[in-house]
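Shown next, in structure tokens, is the structure this report addresses.
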Amino acid sequence: MIPWDKIHGATTHFPIALLLFSTTCDLVSVTFRKLTLAQELRLVSFYGLAVAALASFGAVISGIALTKGDLWGRGYFGWHHRFVWPAFGLIVALAVWRLVVRNTMSRSSLWVYLLLMVIASAFVAAAGYFGGELLLSGGNVP
Amino acid sequence: MIPLEIKGAVAGALSSVLILAVTLTAGGFYRTHVEGETEAGKALPATENATARGRSFFSKLCALPRSGRGRGRGRPQSSEATN
């Protein structure tokens, strides 16, 4: 018997933490772009996003196994999923985009990218919040 | 010539849609599989089923009105009566 609840609890923190960290690094690097640190922060944010995208697969797979394939649900469970699926899609899309483009983004693309990163971070944070509420309310997972 | 940013955005969007579609489809299949296993576990084995039918027949027999007893009337007409 695989302990999916423990695996999900462990893996789910990586995309949450790394995506928020990556977004913060990007925002700081754009704000203080004249500093030499800015370029390094862009590199850190790239690797943070890449690892967040890879870890999100583990979190999603363990989550599906934990809920026995219930992809929506009700209450906190439903809210968790309402934020998880768009967040997962955005993380994957942004990671692939960044992987292709690297640091050759134009100014307008960079702003679109940053906006999407902020939205993805908000979705991930909300999904984590409702996941925590679900856990504290006693589970109620099928 | 298409800029690299547009190519990257298209690649990102396509891979995202593809991965989401695969994940949700696989989750749906897994759910169907788990539900099938649960239903199979809930179904009564043949011997337990026979016992349940016997109990049902007995309770129907006991619920008959007094006037109907012993006169060959009011007996359960279901197929269970013949078993």
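Here's how to read the names in the structure tokens: chain A, B, ... by the order shown, residue numbers from 1 in each chain, ligand numbers from 1 in the order shown.
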- Excluding Ile2 of chain A and residues on its chain fewer than 5 positions from it, collect all residues at most 10 Å away from it, counting only C-alpha atoms, and give them as a list in words. Ile7, Ser62, Ala65 and Leu66 of chain A
Q.
Using only C-alpha atoms, I'd like every residue of chain A that has an atom within 10 Å of chain B; please write them out as a PyMOL selection string.
A. chain A and resi 57+60-61+63-65+67-71+85-86+88-102+104-106+109-110+113
| said: Rounded to one decimal, what separation in Å do you get between atom CA of Phe21 of chain A and atom CA of Gly9 of chain A? | reply: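 Between atom CA of Phe21 of chain A and atom CA of Gly9 of chain A the gap is 19.1 Å.
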- [ ] Write down as a PyMOL selection string the residues belonging to chain A that are assigned alpha helix (DSSP H) by DSSP computed on the backbone.
- [x] chain A and resi 4-11+13-31+37-66+75-101+107-136
Closest of A:Gly128, A:Ser108, A:Ile16, A:Leu35 to Arg82 of chain A, counting only C-alpha atoms, is A:Gly128
Give me the residues within 12 Å of Leu20 of chain A as an NGL selection string, counting only C-alpha atoms and dropping any in the same chain fewer than 4 places off.
:A and (13-16 or 24-27 or 45 or 48-49 or 52 or 87 or 91 or 114 or 117-126 or 128)
Residues from last step as file, N, CA, C and O atoms, as a short mmCIF file (atom, residue, chain, number, x, y, z; two decimals), in the first residue's frame:
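See selection.cif below for the written result:
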```cif
data_model
loop_
_atom_site.label_atom_id
_atom_site.label_comp_id
_atom_site.auth_asym_id
_atom_site.auth_seq_id
_atom_site.Cartn_x
_atom_site.Cartn_y
_atom_site.Cartn_z
N HIS A 13 4.63 20.75 -1.61
CA HIS A 13 5.26 21.98 -1.14
C HIS A 13 6.32 22.52 -2.10
O HIS A 13 6.60 23.72 -2.10
N PHE A 14 6.88 21.64 -2.92
CA PHE A 14 7.94 22.09 -3.85
C PHE A 14 7.41 23.08 -4.90
O PHE A 14 7.98 24.16 -5.06
N PRO A 15 6.34 22.74 -5.63
CA PRO A 15 5.85 23.73 -6.60
C PRO A 15 5.36 25.02 -5.95
O PRO A 15 5.57 26.11 -6.52
N ILE A 16 4.74 24.91 -4.76
CA ILE A 16 4.24 26.13 -4.10
C ILE A 16 5.42 27.05 -3.76
O ILE A 16 5.45 28.21 -4.17
N THR A 24 9.14 35.93 -7.13
CA THR A 24 9.78 36.99 -6.34
C THR A 24 11.13 37.38 -6.96
O THR A 24 11.44 38.58 -7.10
N CYS A 25 11.92 36.38 -7.35
CA CYS A 25 13.23 36.65 -7.97
C CYS A 25 13.06 37.45 -9.26
O CYS A 25 13.82 38.39 -9.53
N ASP A 26 12.06 37.06 -10.07
CA ASP A 26 11.81 37.77 -11.32
C ASP A 26 11.43 39.22 -11.06
O ASP A 26 11.95 40.13 -11.73
N LEU A 27 10.53 39.42 -10.10
CA LEU A 27 10.07 40.79 -9.80
C LEU A 27 11.22 41.65 -9.27
O LEU A 27 11.36 42.81 -9.65
N SER A 45 15.58 32.31 -10.89
CA SER A 45 14.13 32.17 -11.13
C SER A 45 13.86 31.14 -12.22
O SER A 45 12.87 30.41 -12.15
N GLY A 48 14.32 27.79 -10.60
CA GLY A 48 13.20 27.63 -9.65
C GLY A 48 11.93 27.22 -10.36
O GLY A 48 11.23 26.28 -9.94
N LEU A 49 11.65 27.89 -11.47
CA LEU A 49 10.44 27.56 -12.24
C LEU A 49 10.53 26.17 -12.85
O LEU A 49 9.55 25.41 -12.84
N ALA A 52 10.02 23.67 -10.13
CA ALA A 52 8.60 23.74 -9.70
C ALA A 52 7.72 22.98 -10.69
O ALA A 52 6.81 22.25 -10.28
N ALA A 87 -3.46 26.42 -12.23
CA ALA A 87 -2.08 26.64 -11.78
C ALA A 87 -1.14 25.65 -12.44
O ALA A 87 -0.06 26.04 -12.93
N ILE A 91 1.88 26.72 -14.90
CA ILE A 91 3.29 26.41 -14.55
C ILE A 91 3.97 25.70 -15.71
O ILE A 91 5.09 26.05 -16.09
N LEU A 114 5.69 38.08 -16.59
CA LEU A 114 5.61 38.39 -15.16
C LEU A 114 4.17 38.38 -14.67
O LEU A 114 3.88 37.88 -13.58
N MET A 117 3.13 34.87 -14.31
CA MET A 117 3.79 34.29 -13.14
C MET A 117 3.08 34.70 -11.85
O MET A 117 2.90 33.87 -10.94
N VAL A 118 2.66 35.95 -11.77
CA VAL A 118 1.94 36.42 -10.58
C VAL A 118 0.59 35.69 -10.47
O VAL A 118 0.19 35.26 -9.38
N ILE A 119 -0.09 35.54 -11.62
CA ILE A 119 -1.39 34.83 -11.61
C ILE A 119 -1.20 33.37 -11.19
O ILE A 119 -1.94 32.84 -10.36
N ALA A 120 -0.17 32.73 -11.76
CA ALA A 120 0.11 31.32 -11.40
C ALA A 120 0.44 31.19 -9.92
O ALA A 120 -0.01 30.26 -9.24
N SER A 121 1.20 32.15 -9.40
CA SER A 121 1.55 32.12 -7.97
C SER A 121 0.30 32.27 -7.11
O SER A 121 0.16 31.58 -6.09
N ALA A 122 -0.59 33.17 -7.53
CA ALA A 122 -1.84 33.36 -6.77
C ALA A 122 -2.67 32.07 -6.80
O ALA A 122 -3.22 31.66 -5.77
N PHE A 123 -2.75 31.43 -7.94
CA PHE A 123 -3.50 30.17 -8.05
C PHE A 123 -2.89 29.08 -7.16
O PHE A 123 -3.60 28.36 -6.46
N VAL A 124 -1.57 28.99 -7.21
CA VAL A 124 -0.89 27.95 -6.41
C VAL A 124 -1.08 28.23 -4.91
O VAL A 124 -1.34 27.31 -4.13
N ALA A 125 -0.98 29.51 -4.54
CA ALA A 125 -1.15 29.86 -3.13
C ALA A 125 -2.58 29.54 -2.68
O ALA A 125 -2.79 28.98 -1.59
N ALA A 126 -3.55 29.86 -3.52
CA ALA A 126 -4.96 29.58 -3.18
C ALA A 126 -5.20 28.07 -3.10
O ALA A 126 -5.89 27.59 -2.19
N GLY A 128 -3.00 25.82 -2.36
CA GLY A 128 -2.35 25.37 -1.12
C GLY A 128 -3.18 25.72 0.10
O GLY A 128 -3.31 24.91 1.02
#
```
